[in-house]
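Colleague: Got a structure for you, written out below as structure tokens; questions coming shortly.
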Amino acid sequence: MGHWLSRGVLRDRFRHVGLLIAITLAGVPATLQAADAVPPVTYFRIASGSVASADFPVGEAIANLISKPPGAAPCEPGGRCGVPGLVASAETSAGALGDVRAVAAGRVDSALVPADVVDWAWRGTGPFAGEGPRRDLAVIATLHRASLHLVVRRGAGITRLRDLKGKRVSLGPANTLTAVEARLVLEAAGLRERNLVASHLEAGRAADALAAGRLDAFFLVDSWPAQVIADLAIRDTVDLLPLDGRVADSLRARNPLLAATVIPAGTYGSIPATPTLDIAIEWIIPAGAGDDLVYQLARALFDPVNRPVLQRAHPSMSGISPGMAPGLAGVPLHPGAARYYAQAPPGKP
């Protein structure tokens with residue numbers, strides 16, 4: 001009997017101690033109770049093209065400015081106005097077509113993709129014909145623009161598009177936007193891939209082959225100045241072929257998201273001002289991403305404290321502002337981003 005009584009007394013005493021602890025904690029502020037708790041961290045991946053492209057340093061800059069892990073500096077000059085608890089990273093990728101598919105499939109959290117690729121995927125047309133419309137995509141922001149470059153070797157006898165016939169030409173890696181646009185340019189000029197000695201080289205390898213005399217021309221869709229072309233221009237042995245007139249009109253009729261532009265003189269050494277076409281680069285995300293997260297991503301992207309980070313990433317980012325909010329015909333702006341733009345007057349983040 002005494003043995004069971006002592007256990008009962010012990011239970012009562014433990015119950016009394018627990019009550020005292022609960023009463024004591026009730027008087028302690030919640031912030032102090034959670035002082036040792038580690039805030040949750042969310043990892044966020046941004047597909048940003050190849051390392052040689054302008055999109056990769058832009059993706060790295062965005063990843064840096066939207067990240068705000070526990071213990072990060074406060075939002076002030078020299079600090080970081082990111083998304084609390086977010087750790088973002090830029091990832092290399094094989095190209096925009098695959099990036100759209102990766103976002104839709106959830107293999108990456110977001111991507112930097114040309115507007116026409118987003119539009120084709122949304123509608124299930126162009127390179128995505130037969131795959132069905134991908135209505136699970138949404139846009140966060142317009143970042144910068146990429147231009148269509150047609151680089152030709154001096155001495156190759158190429159002064160107009162028709163001169164590409166029979167020449168050694170790289171259209172860009174298969175299943176990339178550069179290859180798609182290159183074929184459209186050829187069609188607008190009345191040519192087909194079979195009319196060329198065609199190859200599908202990555203930009204760096206194409207530049208090396210052209211410099212070595214093994215290639216006569218190559219296509220590249222990238223923001224200017226594109227480093228691989230700048231490196232070639234130092235040798236003063238290349239030119240850019242203009243894309244204007246009837247060919248440009250035909251391309252814009254087929255792809256209204258293309259815009260006429262001019263690559264300024266001096267962008268690539270002695271190469272003069274060159275008319276061409278360009279396309280907006282969009283930051284896309286799954287349509288089902290949380291509204292609050294996307295709102296914070298847009299706000300961090302355009303925060304004035306973060307702007308120098310973007311402007312240092314690449315010259316093409318110098319004019320970024322909320323006034324560049326996307327206006328694609330069918331592809332929706334994510335509701336979280338739309339809420340940000342509604343609160344931020346154009347040009348005033």
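Quick note on naming: the chains in the structure tokens go A, B, ... in the order shown, residues restart at 1 in each chain, and ligands are numbered from 1 in order of appearance.
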Among region 70-183 of chain A, which ones does DSSP assign to strand (DSSP E) (computed from the backbone)? Answer as a PyMOL selection string.
Modeller: chain A and resi 83-84+86-91+110-114+137-153+168-170
Colleague: Export, as a PDB file, in the first residue's frame, the selected residues with C-alpha atoms.
Modeller:
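Saved the output as out.pdb:
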ATOM      1  CA  VAL A  83      12.049  37.690 -49.219  1.00  0.00           C
ATOM      2  CA  PRO A  84      12.424  36.623 -45.569  1.00  0.00           C
ATOM      3  CA  LEU A  86      14.188  32.626 -49.035  1.00  0.00           C
ATOM      4  CA  VAL A  87      17.464  31.236 -50.377  1.00  0.00           C
ATOM      5  CA  ALA A  88      17.540  31.497 -54.180  1.00  0.00           C
ATOM      6  CA  SER A  89      20.018  30.181 -56.724  1.00  0.00           C
ATOM      7  CA  ALA A  90      20.527  30.641 -60.467  1.00  0.00           C
ATOM      8  CA  GLU A  91      20.905  27.386 -62.366  1.00  0.00           C
ATOM      9  CA  SER A 110      11.045  29.842 -62.036  1.00  0.00           C
ATOM     10  CA  ALA A 111      12.933  30.748 -65.218  1.00  0.00           C
ATOM     11  CA  LEU A 112      14.088  33.620 -67.417  1.00  0.00           C
ATOM     12  CA  VAL A 113      12.492  32.996 -70.813  1.00  0.00           C
ATOM     13  CA  PRO A 114      11.890  35.062 -73.998  1.00  0.00           C
ATOM     14  CA  LEU A 137       2.466  29.292 -66.391  1.00  0.00           C
ATOM     15  CA  ALA A 138       2.380  32.895 -65.189  1.00  0.00           C
ATOM     16  CA  VAL A 139       4.646  35.922 -65.506  1.00  0.00           C
ATOM     17  CA  ILE A 140       6.287  37.890 -62.697  1.00  0.00           C
ATOM     18  CA  ALA A 141       8.125  40.604 -64.628  1.00  0.00           C
ATOM     19  CA  THR A 142       9.717  41.798 -67.835  1.00  0.00           C
ATOM     20  CA  LEU A 143      13.463  42.050 -67.214  1.00  0.00           C
ATOM     21  CA  HIS A 144      15.324  43.135 -70.359  1.00  0.00           C
ATOM     22  CA  ARG A 145      15.490  42.387 -74.086  1.00  0.00           C
ATOM     23  CA  ALA A 146      17.507  39.976 -76.225  1.00  0.00           C
ATOM     24  CA  SER A 147      18.455  40.728 -79.830  1.00  0.00           C
ATOM     25  CA  LEU A 148      18.849  38.481 -82.847  1.00  0.00           C
ATOM     26  CA  HIS A 149      22.482  38.517 -83.989  1.00  0.00           C
ATOM     27  CA  LEU A 150      23.690  37.101 -87.293  1.00  0.00           C
ATOM     28  CA  VAL A 151      27.491  37.108 -87.109  1.00  0.00           C
ATOM     29  CA  VAL A 152      29.402  36.710 -90.370  1.00  0.00           C
ATOM     30  CA  ARG A 153      33.101  36.225 -91.041  1.00  0.00           C
ATOM     31  CA  ARG A 168      28.852  26.948 -93.342  1.00  0.00           C
ATOM     32  CA  VAL A 169      26.339  28.319 -90.828  1.00  0.00           C
ATOM     33  CA  SER A 170      25.559  27.403 -87.225  1.00  0.00           C
TER      34      SER A 170
END
Colleague: Got a sec: who's within 10 Å of region 72-74 of chain A, counting only C-alpha atoms, leaving out chain neighbours fewer than 6 positions off, as a list in words?
Modeller: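 Residues meeting the cut-off are Arg80, Cys81, Gly82, Pro84 and Gly85 of chain A.
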Colleague: Please produce an output containing C-alpha atoms for each residue in the selection, written as a PDB file, in the first residue's frame.
Modeller:
ATOM      1  CA  ARG A  80      19.310  43.050 -48.702  1.00  0.00           C
ATOM      2  CA  CYS A  81      15.631  43.693 -49.389  1.00  0.00           C
ATOM      3  CA  GLY A  82      14.803  40.111 -50.190  1.00  0.00           C
ATOM      4  CA  PRO A  84      12.424  36.623 -45.569  1.00  0.00           C
ATOM      5  CA  GLY A  85      13.523  33.002 -45.285  1.00  0.00           C
TER       6      GLY A  85
END
Colleague: Write out as a ChimeraX atom specification all residues of region 47-159 of chain A that backbone DSSP assigns to helix (DSSP H, G or I).
Modeller: /A:55-66,96-105,115-123,126-128
Colleague: Can I get the selected residues back with C-alpha atoms, as a CSV table (one decimal), in the first residue's frame?
Modeller:
chain,number,residue,atom,x,y,z
A,55,ASP,CA,20.5,35.8,-68.7
A,56,PHE,CA,22.9,33.9,-66.4
A,57,PRO,CA,24.4,37.0,-64.6
A,58,VAL,CA,20.9,38.5,-64.5
A,59,GLY,CA,19.6,35.3,-62.9
A,60,GLU,CA,22.5,35.4,-60.4
A,61,ALA,CA,21.7,39.0,-59.5
A,62,ILE,CA,18.0,38.3,-59.0
A,63,ALA,CA,18.9,35.2,-56.9
A,64,ASN,CA,21.1,37.4,-54.8
A,65,LEU,CA,18.7,40.2,-54.2
A,66,ILE,CA,15.6,38.1,-53.5
A,96,ALA,CA,14.4,28.5,-73.1
A,97,LEU,CA,12.3,25.7,-74.6
A,98,GLY,CA,13.4,23.3,-71.9
A,99,ASP,CA,13.1,25.9,-69.2
A,100,VAL,CA,9.4,26.4,-69.9
A,101,ARG,CA,8.8,22.7,-69.7
A,102,ALA,CA,10.8,22.5,-66.5
A,103,VAL,CA,8.8,25.3,-64.8
A,104,ALA,CA,5.5,23.7,-65.9
A,105,ALA,CA,6.7,20.3,-64.6
A,115,ALA,CA,8.3,36.3,-74.3
A,116,ASP,CA,7.6,34.5,-77.6
A,117,VAL,CA,8.6,31.1,-76.0
A,118,VAL,CA,6.3,31.8,-73.1
A,119,ASP,CA,3.5,32.7,-75.6
A,120,TRP,CA,4.1,29.6,-77.7
A,121,ALA,CA,4.0,27.3,-74.7
A,122,TRP,CA,0.8,29.0,-73.4
A,123,ARG,CA,-0.9,28.5,-76.7
A,126,GLY,CA,5.3,26.8,-82.6
A,127,PRO,CA,7.9,24.5,-81.0
A,128,PHE,CA,5.2,23.3,-78.5
Colleague: Work out how far CA of Ala338 (chain A) is from CA of Pro133 (chain A), in Å to one decimal.
Modeller: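 Separation between CA of Pro133 (chain A) and CA of Ala338 (chain A): 22.3 Å.
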Colleague: What gap, in Å, lies between CA of Val331 (chain A) and CA of Ile285 (chain A)?
Modeller: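 So the answer is 11.4 Å.
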Colleague: With only C-alpha atoms as the counted atoms, please give the residues lying no more than 6 Å from Glu202 (chain A), apart from itself and same-chain residues fewer than 2 positions off, as a list in words.
Modeller: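 Here the qualifying residues turn out to be Gly172, Pro173, Gly204 and Arg205 of chain A.
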Colleague: Filtering to N, CA and C atoms, could you give me those residues as a PDB file, in the first residue's frame?
Modeller:
ATOM      1  N   GLY A 172      22.628  27.410 -84.111  1.00  0.00           N
ATOM      2  CA  GLY A 172      22.440  27.312 -82.670  1.00  0.00           C
ATOM      3  C   GLY A 172      22.053  25.900 -82.283  1.00  0.00           C
ATOM      4  N   PRO A 173      22.248  25.537 -81.011  1.00  0.00           N
ATOM      5  CA  PRO A 173      21.933  24.178 -80.568  1.00  0.00           C
ATOM      6  C   PRO A 173      20.479  23.809 -80.866  1.00  0.00           C
ATOM      7  N   GLY A 204      29.765  29.587 -77.929  1.00  0.00           N
ATOM      8  CA  GLY A 204      31.208  29.630 -77.748  1.00  0.00           C
ATOM      9  C   GLY A 204      31.943  28.795 -78.777  1.00  0.00           C
ATOM     10  N   ARG A 205      31.437  27.599 -79.057  1.00  0.00           N
ATOM     11  CA  ARG A 205      32.072  26.732 -80.057  1.00  0.00           C
ATOM     12  C   ARG A 205      31.915  27.314 -81.461  1.00  0.00           C
TER      13      ARG A 205
END
Colleague: For Gly155 (chain A), which residue out of A:Ile229, A:Ile284, A:Leu191, A:Ala217 is the nearest one, using only C-alpha atoms?
Modeller: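 Of A:Ile229, A:Ile284, A:Leu191, A:Ala217, the one nearest Gly155 (chain A), counting only C-alpha atoms, is A:Ala217.
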Colleague: Near Ala94 (chain A), within 8 Å and counting only C-alpha atoms, which residues show up once chain neighbours fewer than 5 positions away are dropped, as an MDAnalysis selection string?
Modeller: chainID A and resid 49:50 99 176
Colleague: Store the residues of this selection in a file with C-alpha atoms, as a short mmCIF file (atom, residue, chain, number, x, y, z; two decimals), in the first residue's frame.
Modeller:
data_model
loop_
_atom_site.label_atom_id
_atom_site.label_comp_id
_atom_site.auth_asym_id
_atom_site.auth_seq_id
_atom_site.Cartn_x
_atom_site.Cartn_y
_atom_site.Cartn_z
CA GLY A 49 20.23 29.79 -69.52
CA SER A 50 23.86 29.06 -70.31
CA ASP A 99 13.13 25.88 -69.21
CA THR A 176 16.80 26.28 -78.52
#
Colleague: Hey, can you check how far CA of Ala203 (chain A) sits from CA of Pro275 (chain A)?
Modeller: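 So the two atoms, CA of Ala203 (chain A) and CA of Pro275 (chain A), lie 20.8 Å apart.
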Colleague: When you look at Leu258 (chain A) with a cut-off of 8 Å (counting only C-alpha atoms), what residues show up, excluding the ones that are within fewer than 4 positions of it in the same chain? I need them as a list in words.
Modeller: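 The filter keeps Asp116, Leu251, Arg252, Leu277, Asp278 and Ile279 of chain A.
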Colleague: Please provide the set of residues having any atom within 8 Å of Asp136 (chain A), restricted to only C-alpha atoms, with same-chain residues fewer than 3 positions apart removed, written as a PDB file with N, CA and C atoms, in the first residue's frame.
Modeller:
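Saved file part.pdb follows:
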ATOM      1  N   ALA A 104       6.850  24.279 -65.881  1.00  0.00           N
ATOM      2  CA  ALA A 104       5.513  23.672 -65.897  1.00  0.00           C
ATOM      3  C   ALA A 104       5.491  22.340 -65.152  1.00  0.00           C
ATOM      4  N   PRO A 286       5.303  29.028 -61.952  1.00  0.00           N
ATOM      5  CA  PRO A 286       4.050  28.275 -62.073  1.00  0.00           C
ATOM      6  C   PRO A 286       2.854  29.124 -61.647  1.00  0.00           C
ATOM      7  N   ALA A 287       1.757  28.977 -62.351  1.00  0.00           N
ATOM      8  CA  ALA A 287       0.566  29.757 -62.027  1.00  0.00           C
ATOM      9  C   ALA A 287       0.064  29.479 -60.616  1.00  0.00           C
ATOM     10  N   GLY A 288       0.355  28.293 -60.087  1.00  0.00           N
ATOM     11  CA  GLY A 288      -0.118  27.928 -58.760  1.00  0.00           C
ATOM     12  C   GLY A 288       0.759  28.400 -57.619  1.00  0.00           C
TER      13      GLY A 288
END
